[in-house]
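Q: Contents of structure_36.cif (mmCIF, N, CA and C atoms and all ligand atoms) are given next:
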data_coords
#
loop_
_atom_site.label_atom_id
_atom_site.label_comp_id
_atom_site.auth_asym_id
_atom_site.auth_seq_id
_atom_site.Cartn_x
_atom_site.Cartn_y
_atom_site.Cartn_z
N MET A 1006 77.93 -26.43 11.96
CA MET A 1006 79.36 -26.61 11.75
C MET A 1006 79.66 -28.09 11.51
N PRO A 1007 80.15 -28.46 10.34
CA PRO A 1007 80.44 -29.86 10.06
C PRO A 1007 81.58 -30.39 10.93
N TYR A 1008 81.64 -31.69 11.03
CA TYR A 1008 82.74 -32.32 11.75
C TYR A 1008 83.93 -32.50 10.81
N VAL A 1009 85.12 -32.63 11.40
CA VAL A 1009 86.37 -32.66 10.63
C VAL A 1009 87.25 -33.78 11.17
N ILE A 1010 87.86 -34.54 10.29
CA ILE A 1010 88.79 -35.60 10.71
C ILE A 1010 90.21 -35.04 10.68
N CYS A 1011 90.91 -35.19 11.80
CA CYS A 1011 92.26 -34.61 11.96
C CYS A 1011 93.35 -35.68 11.97
N GLU A 1012 94.55 -35.24 12.24
CA GLU A 1012 95.75 -36.06 12.10
C GLU A 1012 95.73 -37.45 12.75
N PRO A 1013 95.11 -37.62 13.92
CA PRO A 1013 95.18 -38.95 14.55
C PRO A 1013 94.64 -40.10 13.69
N CYS A 1014 93.83 -39.79 12.69
CA CYS A 1014 93.31 -40.86 11.81
C CYS A 1014 94.40 -41.47 10.95
N ILE A 1015 95.43 -40.66 10.66
CA ILE A 1015 96.50 -41.14 9.77
C ILE A 1015 97.16 -42.39 10.36
N GLY A 1016 97.16 -43.43 9.53
CA GLY A 1016 97.76 -44.68 9.97
C GLY A 1016 96.83 -45.58 10.77
N VAL A 1017 95.64 -45.08 11.10
CA VAL A 1017 94.67 -45.90 11.85
C VAL A 1017 93.57 -46.37 10.89
N LYS A 1018 92.80 -45.38 10.37
CA LYS A 1018 91.85 -45.68 9.29
C LYS A 1018 91.03 -46.95 9.55
N ASP A 1019 90.53 -47.10 10.75
CA ASP A 1019 89.82 -48.34 11.06
C ASP A 1019 88.37 -48.34 10.56
N THR A 1020 87.91 -47.24 10.05
CA THR A 1020 86.57 -47.05 9.47
C THR A 1020 85.42 -47.20 10.46
N ALA A 1021 85.68 -47.10 11.73
CA ALA A 1021 84.58 -47.15 12.71
C ALA A 1021 83.58 -46.03 12.44
N CYS A 1022 84.09 -44.89 12.00
CA CYS A 1022 83.21 -43.74 11.75
C CYS A 1022 82.27 -43.97 10.56
N THR A 1023 82.77 -44.59 9.51
CA THR A 1023 81.91 -44.78 8.34
C THR A 1023 80.75 -45.72 8.66
N ASP A 1024 80.95 -46.61 9.61
CA ASP A 1024 79.89 -47.57 9.98
C ASP A 1024 78.72 -46.90 10.68
N VAL A 1025 78.95 -45.75 11.31
CA VAL A 1025 77.87 -45.12 12.09
C VAL A 1025 77.31 -43.85 11.45
N CYS A 1026 77.96 -43.34 10.43
CA CYS A 1026 77.47 -42.08 9.83
C CYS A 1026 76.13 -42.31 9.14
N PRO A 1027 75.08 -41.59 9.56
CA PRO A 1027 73.74 -41.81 9.01
C PRO A 1027 73.54 -41.28 7.60
N VAL A 1028 74.45 -40.42 7.15
CA VAL A 1028 74.28 -39.85 5.81
C VAL A 1028 75.42 -40.23 4.85
N ASP A 1029 76.26 -41.17 5.28
CA ASP A 1029 77.30 -41.72 4.40
C ASP A 1029 78.18 -40.63 3.80
N CYS A 1030 78.65 -39.71 4.66
CA CYS A 1030 79.44 -38.59 4.13
C CYS A 1030 80.91 -38.68 4.50
N ILE A 1031 81.39 -39.89 4.93
CA ILE A 1031 82.80 -40.06 5.26
C ILE A 1031 83.41 -41.03 4.25
N HIS A 1032 84.47 -40.58 3.58
CA HIS A 1032 85.08 -41.38 2.51
C HIS A 1032 86.61 -41.19 2.50
N PRO A 1033 87.35 -42.06 1.78
CA PRO A 1033 86.85 -43.25 1.12
C PRO A 1033 86.54 -44.37 2.12
N LYS A 1034 85.45 -45.10 1.84
CA LYS A 1034 85.10 -46.25 2.66
C LYS A 1034 85.99 -47.43 2.25
N ARG A 1035 85.98 -48.43 3.08
CA ARG A 1035 86.89 -49.57 2.88
C ARG A 1035 86.72 -50.23 1.52
N ASP A 1036 85.50 -50.23 0.99
CA ASP A 1036 85.24 -50.91 -0.28
C ASP A 1036 85.27 -49.95 -1.48
N GLU A 1037 85.75 -48.73 -1.26
CA GLU A 1037 85.78 -47.76 -2.35
C GLU A 1037 87.17 -47.60 -2.93
N ASP A 1038 87.21 -47.17 -4.20
CA ASP A 1038 88.49 -46.88 -4.85
C ASP A 1038 89.22 -45.81 -4.04
N GLY A 1039 90.50 -45.96 -3.89
CA GLY A 1039 91.29 -44.96 -3.20
C GLY A 1039 91.46 -45.20 -1.73
N PHE A 1040 90.79 -46.21 -1.18
CA PHE A 1040 90.91 -46.43 0.27
C PHE A 1040 92.34 -46.76 0.67
N GLU A 1041 92.96 -47.65 -0.04
CA GLU A 1041 94.32 -48.06 0.35
C GLU A 1041 95.30 -46.90 0.23
N ALA A 1042 95.13 -46.07 -0.78
CA ALA A 1042 96.06 -44.97 -1.02
C ALA A 1042 95.83 -43.79 -0.08
N ALA A 1043 94.62 -43.63 0.41
CA ALA A 1043 94.31 -42.47 1.26
C ALA A 1043 95.03 -42.58 2.60
N GLU A 1044 95.65 -41.49 3.04
CA GLU A 1044 96.34 -41.56 4.32
C GLU A 1044 95.38 -41.47 5.50
N GLN A 1045 94.19 -40.92 5.24
CA GLN A 1045 93.17 -40.82 6.30
C GLN A 1045 91.82 -40.76 5.59
N LEU A 1046 90.75 -40.70 6.38
CA LEU A 1046 89.42 -40.51 5.81
C LEU A 1046 89.04 -39.04 5.95
N TYR A 1047 88.00 -38.65 5.19
CA TYR A 1047 87.59 -37.24 5.16
C TYR A 1047 86.08 -37.13 5.22
N ILE A 1048 85.61 -36.07 5.88
CA ILE A 1048 84.18 -35.81 5.99
C ILE A 1048 83.78 -34.75 4.96
N ASN A 1049 82.72 -35.01 4.24
CA ASN A 1049 82.20 -34.04 3.28
C ASN A 1049 81.43 -32.95 4.04
N PRO A 1050 81.96 -31.72 4.09
CA PRO A 1050 81.33 -30.68 4.90
C PRO A 1050 79.96 -30.26 4.39
N ASP A 1051 79.67 -30.53 3.12
CA ASP A 1051 78.38 -30.14 2.56
C ASP A 1051 77.28 -31.17 2.87
N GLU A 1052 77.69 -32.35 3.33
CA GLU A 1052 76.70 -33.40 3.60
C GLU A 1052 76.56 -33.74 5.08
N CYS A 1053 77.57 -33.42 5.86
CA CYS A 1053 77.55 -33.73 7.30
C CYS A 1053 76.38 -33.01 7.99
N ILE A 1054 75.62 -33.75 8.78
CA ILE A 1054 74.48 -33.16 9.49
C ILE A 1054 74.81 -32.89 10.96
N GLU A 1055 76.09 -33.01 11.30
CA GLU A 1055 76.56 -32.62 12.63
C GLU A 1055 75.93 -33.42 13.76
N CYS A 1056 75.77 -34.71 13.55
CA CYS A 1056 75.15 -35.54 14.59
C CYS A 1056 76.14 -35.95 15.67
N GLY A 1057 77.43 -35.98 15.33
CA GLY A 1057 78.45 -36.33 16.31
C GLY A 1057 78.68 -37.82 16.51
N ALA A 1058 77.95 -38.66 15.80
CA ALA A 1058 78.08 -40.11 15.99
C ALA A 1058 79.50 -40.59 15.70
N CYS A 1059 80.11 -40.05 14.68
CA CYS A 1059 81.47 -40.48 14.30
C CYS A 1059 82.48 -40.15 15.38
N SER A 1060 82.36 -38.96 15.93
CA SER A 1060 83.29 -38.51 16.95
C SER A 1060 83.25 -39.43 18.17
N SER A 1061 82.07 -39.91 18.50
CA SER A 1061 81.90 -40.77 19.67
C SER A 1061 82.58 -42.12 19.54
N VAL A 1062 82.66 -42.64 18.32
CA VAL A 1062 83.21 -43.98 18.14
C VAL A 1062 84.68 -44.01 17.72
N CYS A 1063 85.23 -42.87 17.37
CA CYS A 1063 86.63 -42.85 16.91
C CYS A 1063 87.56 -43.24 18.06
N PRO A 1064 88.39 -44.28 17.87
CA PRO A 1064 89.25 -44.77 18.94
C PRO A 1064 90.43 -43.85 19.26
N VAL A 1065 90.70 -42.89 18.37
CA VAL A 1065 91.87 -42.03 18.59
C VAL A 1065 91.52 -40.55 18.70
N GLU A 1066 90.23 -40.26 18.89
CA GLU A 1066 89.78 -38.87 19.05
C GLU A 1066 90.28 -37.97 17.92
N ALA A 1067 90.05 -38.43 16.70
CA ALA A 1067 90.50 -37.67 15.53
C ALA A 1067 89.44 -36.70 15.02
N ILE A 1068 88.20 -36.83 15.51
CA ILE A 1068 87.09 -36.08 14.89
C ILE A 1068 86.54 -34.99 15.81
N TYR A 1069 86.52 -33.78 15.27
CA TYR A 1069 86.05 -32.62 16.03
C TYR A 1069 85.05 -31.82 15.22
N GLU A 1070 84.14 -31.15 15.94
CA GLU A 1070 83.29 -30.20 15.26
C GLU A 1070 84.19 -29.07 14.75
N ASP A 1071 83.87 -28.57 13.59
CA ASP A 1071 84.62 -27.49 12.94
C ASP A 1071 85.11 -26.43 13.94
N SER A 1072 84.22 -25.96 14.77
CA SER A 1072 84.56 -24.86 15.70
C SER A 1072 85.44 -25.31 16.87
N ASP A 1073 85.58 -26.62 17.06
CA ASP A 1073 86.37 -27.15 18.18
C ASP A 1073 87.69 -27.78 17.75
N VAL A 1074 88.03 -27.69 16.47
CA VAL A 1074 89.28 -28.29 16.01
C VAL A 1074 90.46 -27.59 16.71
N PRO A 1075 91.35 -28.38 17.34
CA PRO A 1075 92.52 -27.79 18.01
C PRO A 1075 93.35 -26.95 17.04
N ASP A 1076 93.99 -25.92 17.57
CA ASP A 1076 94.77 -25.00 16.73
C ASP A 1076 95.77 -25.72 15.83
N LYS A 1077 96.44 -26.74 16.38
CA LYS A 1077 97.49 -27.42 15.61
C LYS A 1077 96.94 -28.19 14.41
N TRP A 1078 95.62 -28.40 14.40
CA TRP A 1078 95.02 -29.16 13.29
C TRP A 1078 94.04 -28.33 12.47
N GLN A 1079 94.13 -27.02 12.54
CA GLN A 1079 93.22 -26.16 11.78
C GLN A 1079 93.25 -26.45 10.27
N SER A 1080 94.43 -26.83 9.77
CA SER A 1080 94.55 -27.08 8.33
C SER A 1080 93.68 -28.24 7.86
N TYR A 1081 93.29 -29.08 8.82
CA TYR A 1081 92.47 -30.24 8.44
C TYR A 1081 91.05 -29.87 8.05
N ILE A 1082 90.61 -28.68 8.41
CA ILE A 1082 89.28 -28.23 7.99
C ILE A 1082 89.26 -28.14 6.46
N GLN A 1083 90.29 -27.48 5.93
CA GLN A 1083 90.38 -27.35 4.47
C GLN A 1083 90.76 -28.68 3.83
N LYS A 1084 91.57 -29.46 4.52
CA LYS A 1084 92.00 -30.75 3.97
C LYS A 1084 90.81 -31.68 3.76
N ASN A 1085 89.88 -31.70 4.70
CA ASN A 1085 88.68 -32.53 4.54
C ASN A 1085 87.85 -32.02 3.36
N ALA A 1086 87.62 -30.71 3.32
CA ALA A 1086 86.80 -30.13 2.26
C ALA A 1086 87.43 -30.37 0.89
N ALA A 1087 88.77 -30.24 0.82
CA ALA A 1087 89.46 -30.36 -0.45
C ALA A 1087 89.30 -31.74 -1.08
N HIS A 1088 89.09 -32.75 -0.23
CA HIS A 1088 88.91 -34.10 -0.76
C HIS A 1088 87.67 -34.20 -1.66
N TYR A 1089 86.74 -33.29 -1.46
CA TYR A 1089 85.47 -33.34 -2.23
C TYR A 1089 85.37 -32.28 -3.30
N GLN A 1090 86.48 -31.55 -3.56
CA GLN A 1090 86.42 -30.48 -4.57
C GLN A 1090 86.99 -30.96 -5.89
S1 LIG B 1 78.86 -35.79 12.50
FE1 LIG B 1 77.31 -37.31 11.90
S2 LIG B 1 76.80 -36.75 9.80
FE2 LIG B 1 78.70 -35.71 10.27
S3 LIG B 1 80.29 -37.10 9.53
FE3 LIG B 1 79.96 -37.55 11.70
S4 LIG B 1 78.46 -39.24 11.70
FE4 LIG B 1 78.39 -38.30 9.66
S1 LIG B 2 87.01 -43.74 13.44
FE1 LIG B 2 88.70 -42.25 13.67
S2 LIG B 2 90.58 -43.39 13.22
FE2 LIG B 2 88.84 -44.61 12.51
S3 LIG B 2 88.70 -44.07 10.35
FE3 LIG B 2 87.28 -42.74 11.45
S4 LIG B 2 88.47 -40.89 11.92
FE4 LIG B 2 89.91 -42.47 11.32
#
Produce structure tokens that represent the structure in this file.

A:
Amino acid sequence: MPYVICEPCIGVKDTACTDVCPVDCIHPKRDEDGFEAAEQLYINPDECIECGACSSVCPVEAIYEDSDVPDKWQSYIQKNAAHYQ
């Protein structure tokens, strides 16, 4: 089950997660096109290896494993995936 970035990232976007992801599947990164315009970052569900490193470093607890996403943020599962479609 891939990890998912939820609402608390909005307005924070400190990129702590992108620094620790071993497979570089969280975007947009600070130096990529679209970073300033993006309201939050997104995890590519097809590339995430479910290591949990990102979740551990997020200062606002925005990142959950797919199966543990709180009910109020279920839409973020599709929102993350949609960023890569
Ligand atoms: S769980 Fe691991 S692989 Fe998946 S996005 Fe987070 S750091 Fe990257
Ligand atoms: S560490 Fe958390 S708040 Fe920071 S960019 Fe990643 S998901 Fe957003």

Q: May I have a table of the residues of segment 1014-1033 of chain A lying at most 6.5 Å from segment 1053-1069 of chain A, giving each one's closest pair of atoms and their distance in Å to one decimal, counting all atoms listed in the file, ordered by chain and ascending residue number, as a Markdown table?

A:
| residue | atom | partner | partner_atom | distance |
| --- | --- | --- | --- | --- |
| A:Cys1014 | N | A:Ala1067 | CA | 4.9 |
| A:Ala1021 | C | A:Val1062 | C | 5.8 |
| A:Cys1022 | CA | A:Cys1059 | CA | 4.5 |
| A:Thr1023 | N | A:Cys1059 | CA | 6.4 |
| A:Val1025 | C | A:Cys1059 | N | 5.7 |
| A:Cys1026 | N | A:Cys1059 | N | 5.8 |
| A:Cys1030 | CA | A:Cys1053 | N | 5.8 |

Q: Could you write those residues out with N, CA and C atoms, as a PDB file, in the frame of the given file?

A:
ATOM      1  N   CYS A1014      93.830 -39.790  12.690  1.00  0.00           N
ATOM      2  CA  CYS A1014      93.310 -40.860  11.810  1.00  0.00           C
ATOM      3  C   CYS A1014      94.400 -41.470  10.950  1.00  0.00           C
ATOM      4  N   ALA A1021      85.680 -47.100  11.730  1.00  0.00           N
ATOM      5  CA  ALA A1021      84.580 -47.150  12.710  1.00  0.00           C
ATOM      6  C   ALA A1021      83.580 -46.030  12.440  1.00  0.00           C
ATOM      7  N   CYS A1022      84.090 -44.890  12.000  1.00  0.00           N
ATOM      8  CA  CYS A1022      83.210 -43.740  11.750  1.00  0.00           C
ATOM      9  C   CYS A1022      82.270 -43.970  10.560  1.00  0.00           C
ATOM     10  N   THR A1023      82.770 -44.590   9.510  1.00  0.00           N
ATOM     11  CA  THR A1023      81.910 -44.780   8.340  1.00  0.00           C
ATOM     12  C   THR A1023      80.750 -45.720   8.660  1.00  0.00           C
ATOM     13  N   VAL A1025      78.950 -45.750  11.310  1.00  0.00           N
ATOM     14  CA  VAL A1025      77.870 -45.120  12.090  1.00  0.00           C
ATOM     15  C   VAL A1025      77.310 -43.850  11.450  1.00  0.00           C
ATOM     16  N   CYS A1026      77.960 -43.340  10.430  1.00  0.00           N
ATOM     17  CA  CYS A1026      77.470 -42.080   9.830  1.00  0.00           C
ATOM     18  C   CYS A1026      76.130 -42.310   9.140  1.00  0.00           C
ATOM     19  N   CYS A1030      78.650 -39.710   4.660  1.00  0.00           N
ATOM     20  CA  CYS A1030      79.440 -38.590   4.130  1.00  0.00           C
ATOM     21  C   CYS A1030      80.910 -38.680   4.500  1.00  0.00           C
TER      22      CYS A1030
END

Q: Give me, as a PyMOL selection string, the residues of chain A that a backbone DSSP run labels strand (DSSP E).

A: chain A and resi 1008-1010+1031-1032+1047-1048+1068-1070

Q: Between A:Ala1087, A:Asp1071, A:Tyr1081, A:Ala1043, which is the closest to Cys1011 of chain A once you count all atoms listed in the file?

A: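 Closest residue, counting all atoms listed in the file: A:Tyr1081.
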
Q: Which residue gives the smallest distance to ligand LIG 2 (chain B) among A:Met1006, A:Pro1075, A:Asp1024, A:Lys1018, with all atoms listed in the file counted?

A: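 That would be A:Lys1018, the residue with the smallest distance to ligand LIG 2 (chain B).
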
Q: Do you know which residues are at most 9 Å from His1032 of chain A counting only C-alpha atoms, after dropping those on the same chain fewer than 3 positions away, and could you put them as a VMD selection string?

A: chain A and resid 1023 1029 1035 1037 1040 1045 to 1049 1088

Q: Please indicate the distance in Å from atom N of Asp1036 of chain A to atom C of Ile1015 of chain A, rounded to one decimal place.

A: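 The value is 16.9 Å.
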
Q: Hey, can you check how far atom C of Pro1033 of chain A sits from atom N of Ile1082 of chain A?

A: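 One can read the atom C of Pro1033 of chain A to atom N of Ile1082 of chain A distance as 17.4 Å.
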
Q: As an MDAnalysis selection string, please: every residue in chain A that DSSP puts in helix (DSSP H, G or I).

A: chainID A and resid 1012:1014 1021:1025 1058:1062 1071:1073 1076:1078 1080:1087

Q: In Å to one decimal, how far is atom FE1 of ligand LIG 2 (chain B) from atom C of Val1017 of chain A?

A: 7.0 Å

Q: Put a box with edges along x, y and z around all the listed atoms of ligand LIG 1 (chain B), pad it by 5 Å on each side, then give me its centre and sizes in Å, one decimal, as AutoDock Vina command-line options.

A:
--center_x 78.5 --center_y -37.5 --center_z 11.0 --size_x 13.5 --size_y 13.5 --size_z 13.0

Q: Nearest to ligand LIG 1 (chain B): which of A:Asp1073, A:Val1028, A:Asp1019, A:Lys1034 is it, counting all atoms listed in the file?

A: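 The answer is A:Val1028, which sits nearest to ligand LIG 1 (chain B).
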
Q: For each of A:Gly1039, A:Pro1007, A:Pro1013, A:Pro1050, take the minimum atom-to-atom distance to ligand LIG 2 (chain B), counting only N, CA and C atoms and all ligand atoms, then give the residue where this is smallest.

A: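 The closest residue to ligand LIG 2 (chain B) is A:Pro1013.
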